[in-house]
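Contents: one structure, followed by commentary.
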Amino acid sequence: MRYLLSAILCCAAPVAWACTPELPASKTPGQKPQIVEAKQYALAFRTQPERIVIGQHFAVELALCTKEGAAAPDSVRVDAHMPEHRHGMNYKTTVTRSGVGQYRAEGLMFHMPGRWEYIFEVRASGNSGATERITTSVVLQ
Ligand SMILES: [Cu+2]
């Protein structure tokens, strides 16, 4: 009995806290989303087109799932900047909700090579209005 209980404790806890963001299949065959684990959410995103071209607009499709104990997302803002150069993009993005926990950001453009950092700012639903900033970066040659 004691043996059984410890087995349950060991393996049940991580499962309860994890979640998997559901992103619909990409229009680009074989394109895998990038997953970013944050404190309150897990984020899956991909770009469209898959290959980012310097100086050309692209879109980001993303999905969020809410970890246990956190509030569901209310809205998401998507931005990007170059931390080493201390500048952002020359365009603002517009984000539309495309499903439950699913969003599409349009109007991104990386105008020079180097390291760009995506900033996903997730505002929680409910009265708290708390936000979580999720970042991840990509290097453009
Ligand atoms: Cu720059």
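To be explicit about the labels: the chains of the structure tokens are called A, B, and onward in the order shown, and within each one the residues are counted from 1, while ligands get numbers from 1 in the order they are shown.
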(request) Tell me which protein, DNA and RNA residues are within 9 Å of segment 133-136 of chain A, counting only C-alpha atoms, leaving out same-chain ones fewer than 5 positions away, and put them as JSON, numbers by chain. (result) {"A": [36, 37, 38, 39, 41, 43, 80, 116, 117, 118, 119, 120, 121, 122, 123]}
How would you write, as a short mmCIF file (atom, residue, chain, number, x, y, z; two decimals) with N, CA and C atoms, in the first residue's frame, the set of residues no farther than 10 Å from ligand 1 when counting only C-alpha atoms and all ligand atoms?
data_model
loop_
_atom_site.label_atom_id
_atom_site.label_comp_id
_atom_site.auth_asym_id
_atom_site.auth_seq_id
_atom_site.Cartn_x
_atom_site.Cartn_y
_atom_site.Cartn_z
N HIS A 81 11.63 42.76 -30.67
CA HIS A 81 12.67 43.79 -30.66
C HIS A 81 14.04 43.14 -30.78
N MET A 82 15.05 43.99 -30.97
CA MET A 82 16.43 43.51 -31.00
C MET A 82 17.11 44.01 -29.73
N PRO A 83 17.26 43.12 -28.74
CA PRO A 83 17.80 43.56 -27.44
C PRO A 83 19.17 44.22 -27.55
N GLU A 84 20.04 43.70 -28.41
CA GLU A 84 21.40 44.25 -28.52
C GLU A 84 21.41 45.62 -29.20
N HIS A 85 20.41 45.88 -30.01
CA HIS A 85 20.38 47.15 -30.75
C HIS A 85 19.42 48.15 -30.12
N ARG A 86 18.68 47.70 -29.16
CA ARG A 86 17.71 48.55 -28.45
C ARG A 86 16.71 49.22 -29.37
N HIS A 87 16.20 48.45 -30.30
CA HIS A 87 15.11 48.98 -31.11
C HIS A 87 14.09 47.88 -31.36
N GLY A 88 12.90 48.30 -31.70
CA GLY A 88 11.84 47.36 -31.99
C GLY A 88 11.62 47.23 -33.48
N MET A 89 10.44 46.81 -33.82
CA MET A 89 10.06 46.73 -35.23
C MET A 89 9.55 48.09 -35.67
N PHE A 110 10.80 41.88 -39.60
CA PHE A 110 12.17 42.02 -39.09
C PHE A 110 12.96 42.72 -40.19
N HIS A 111 13.41 43.93 -39.94
CA HIS A 111 14.01 44.72 -41.01
C HIS A 111 15.52 44.63 -41.09
N MET A 112 16.14 43.84 -40.22
CA MET A 112 17.59 43.65 -40.34
C MET A 112 18.01 42.31 -39.75
N PRO A 113 19.18 41.79 -40.16
CA PRO A 113 19.64 40.52 -39.59
C PRO A 113 20.11 40.71 -38.15
N GLY A 114 20.20 39.59 -37.42
CA GLY A 114 20.63 39.63 -36.03
C GLY A 114 19.63 38.92 -35.14
N ARG A 115 19.76 39.14 -33.83
CA ARG A 115 18.87 38.45 -32.88
C ARG A 115 17.63 39.27 -32.60
N TRP A 116 16.51 38.68 -32.89
CA TRP A 116 15.21 39.27 -32.59
C TRP A 116 14.57 38.49 -31.47
#
(message) Give me the residues near Val60 of chain A as a ChimeraX atom specification, where near means some atom within 7 Å (using only C-alpha atoms) and where sequence neighbours in that chain fewer than 6 positions away do not count.
(response) /A:45-48,104-106
For the selection just defined, write its residues with all heavy atoms to a file, as a PDB file, in the first residue's frame.
ATOM      1  N   PHE A  45       3.860  28.414 -30.981  1.00  0.00           N
ATOM      2  CA  PHE A  45       3.689  29.381 -32.068  1.00  0.00           C
ATOM      3  C   PHE A  45       4.485  28.970 -33.291  1.00  0.00           C
ATOM      4  O   PHE A  45       5.416  28.189 -33.210  1.00  0.00           O
ATOM      5  CB  PHE A  45       4.085  30.797 -31.612  1.00  0.00           C
ATOM      6  CG  PHE A  45       5.573  31.045 -31.563  1.00  0.00           C
ATOM      7  CD1 PHE A  45       6.214  31.697 -32.615  1.00  0.00           C
ATOM      8  CD2 PHE A  45       6.325  30.636 -30.486  1.00  0.00           C
ATOM      9  CE1 PHE A  45       7.582  31.939 -32.581  1.00  0.00           C
ATOM     10  CE2 PHE A  45       7.695  30.869 -30.450  1.00  0.00           C
ATOM     11  CZ  PHE A  45       8.320  31.514 -31.492  1.00  0.00           C
ATOM     12  N   ARG A  46       4.093  29.526 -34.407  1.00  0.00           N
ATOM     13  CA  ARG A  46       4.826  29.319 -35.647  1.00  0.00           C
ATOM     14  C   ARG A  46       4.625  30.554 -36.509  1.00  0.00           C
ATOM     15  O   ARG A  46       3.685  31.316 -36.315  1.00  0.00           O
ATOM     16  CB  ARG A  46       4.343  28.056 -36.361  1.00  0.00           C
ATOM     17  CG  ARG A  46       2.905  28.155 -36.755  1.00  0.00           C
ATOM     18  CD  ARG A  46       2.458  26.993 -37.617  1.00  0.00           C
ATOM     19  NE  ARG A  46       1.029  27.105 -37.816  1.00  0.00           N
ATOM     20  CZ  ARG A  46       0.145  26.209 -37.378  1.00  0.00           C
ATOM     21  NH1 ARG A  46       0.524  25.133 -36.752  1.00  0.00           N
ATOM     22  NH2 ARG A  46      -1.131  26.398 -37.590  1.00  0.00           N
ATOM     23  N   THR A  47       5.527  30.738 -37.451  1.00  0.00           N
ATOM     24  CA  THR A  47       5.412  31.890 -38.337  1.00  0.00           C
ATOM     25  C   THR A  47       4.805  31.451 -39.659  1.00  0.00           C
ATOM     26  O   THR A  47       4.864  30.283 -40.037  1.00  0.00           O
ATOM     27  CB  THR A  47       6.794  32.520 -38.612  1.00  0.00           C
ATOM     28  OG1 THR A  47       7.621  31.557 -39.265  1.00  0.00           O
ATOM     29  CG2 THR A  47       7.457  32.981 -37.322  1.00  0.00           C
ATOM     30  N   GLN A  48       4.240  32.433 -40.349  1.00  0.00           N
ATOM     31  CA  GLN A  48       3.673  32.175 -41.660  1.00  0.00           C
ATOM     32  C   GLN A  48       4.067  33.337 -42.571  1.00  0.00           C
ATOM     33  O   GLN A  48       3.631  34.452 -42.304  1.00  0.00           O
ATOM     34  CB  GLN A  48       2.162  32.052 -41.547  1.00  0.00           C
ATOM     35  CG  GLN A  48       1.580  31.273 -42.669  1.00  0.00           C
ATOM     36  CD  GLN A  48       0.060  31.282 -42.650  1.00  0.00           C
ATOM     37  OE1 GLN A  48      -0.571  32.030 -41.927  1.00  0.00           O
ATOM     38  NE2 GLN A  48      -0.530  30.471 -43.462  1.00  0.00           N
ATOM     39  N   ARG A 104      -3.865  34.971 -33.880  1.00  0.00           N
ATOM     40  CA  ARG A 104      -3.048  35.207 -35.059  1.00  0.00           C
ATOM     41  C   ARG A 104      -2.599  36.656 -35.032  1.00  0.00           C
ATOM     42  O   ARG A 104      -3.419  37.567 -34.920  1.00  0.00           O
ATOM     43  CB  ARG A 104      -3.877  34.923 -36.312  1.00  0.00           C
ATOM     44  CG  ARG A 104      -3.115  35.128 -37.594  1.00  0.00           C
ATOM     45  CD  ARG A 104      -4.027  34.905 -38.807  1.00  0.00           C
ATOM     46  NE  ARG A 104      -3.367  35.354 -40.025  1.00  0.00           N
ATOM     47  CZ  ARG A 104      -2.542  34.596 -40.738  1.00  0.00           C
ATOM     48  NH1 ARG A 104      -2.298  33.353 -40.385  1.00  0.00           N
ATOM     49  NH2 ARG A 104      -1.960  35.092 -41.818  1.00  0.00           N
ATOM     50  N   ALA A 105      -1.296  36.854 -35.101  1.00  0.00           N
ATOM     51  CA  ALA A 105      -0.734  38.196 -35.129  1.00  0.00           C
ATOM     52  C   ALA A 105      -0.266  38.494 -36.541  1.00  0.00           C
ATOM     53  O   ALA A 105       0.450  37.702 -37.144  1.00  0.00           O
ATOM     54  CB  ALA A 105       0.435  38.300 -34.154  1.00  0.00           C
ATOM     55  N   GLU A 106      -0.689  39.644 -37.060  1.00  0.00           N
ATOM     56  CA  GLU A 106      -0.306  40.052 -38.413  1.00  0.00           C
ATOM     57  C   GLU A 106       0.565  41.293 -38.339  1.00  0.00           C
ATOM     58  O   GLU A 106       0.450  42.080 -37.399  1.00  0.00           O
ATOM     59  CB  GLU A 106      -1.557  40.421 -39.230  1.00  0.00           C
ATOM     60  CG  GLU A 106      -2.614  39.349 -39.242  1.00  0.00           C
ATOM     61  CD  GLU A 106      -2.775  38.705 -40.601  1.00  0.00           C
ATOM     62  OE1 GLU A 106      -1.900  38.918 -41.472  1.00  0.00           O
ATOM     63  OE2 GLU A 106      -3.757  37.974 -40.766  1.00  0.00           O
TER      64      GLU A 106
END
(message) Using only C-alpha atoms for the distances, tell me which of A:Ser75, A:Thr66, A:Gln141, A:Gln56 is nearest to Asn90 of chain A.
(response)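 Checking each of A:Ser75, A:Thr66, A:Gln141, A:Gln56 against Asn90 of chain A, counting only C-alpha atoms, the winner is A:Gln56.
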(request) Could you tell me which of A:Lys92, A:Gly101, A:Val78, A:Met109 comes closest to Pro49 of chain A if we count only C-alpha atoms? (result)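 Nearest to Pro49 of chain A: A:Met109.
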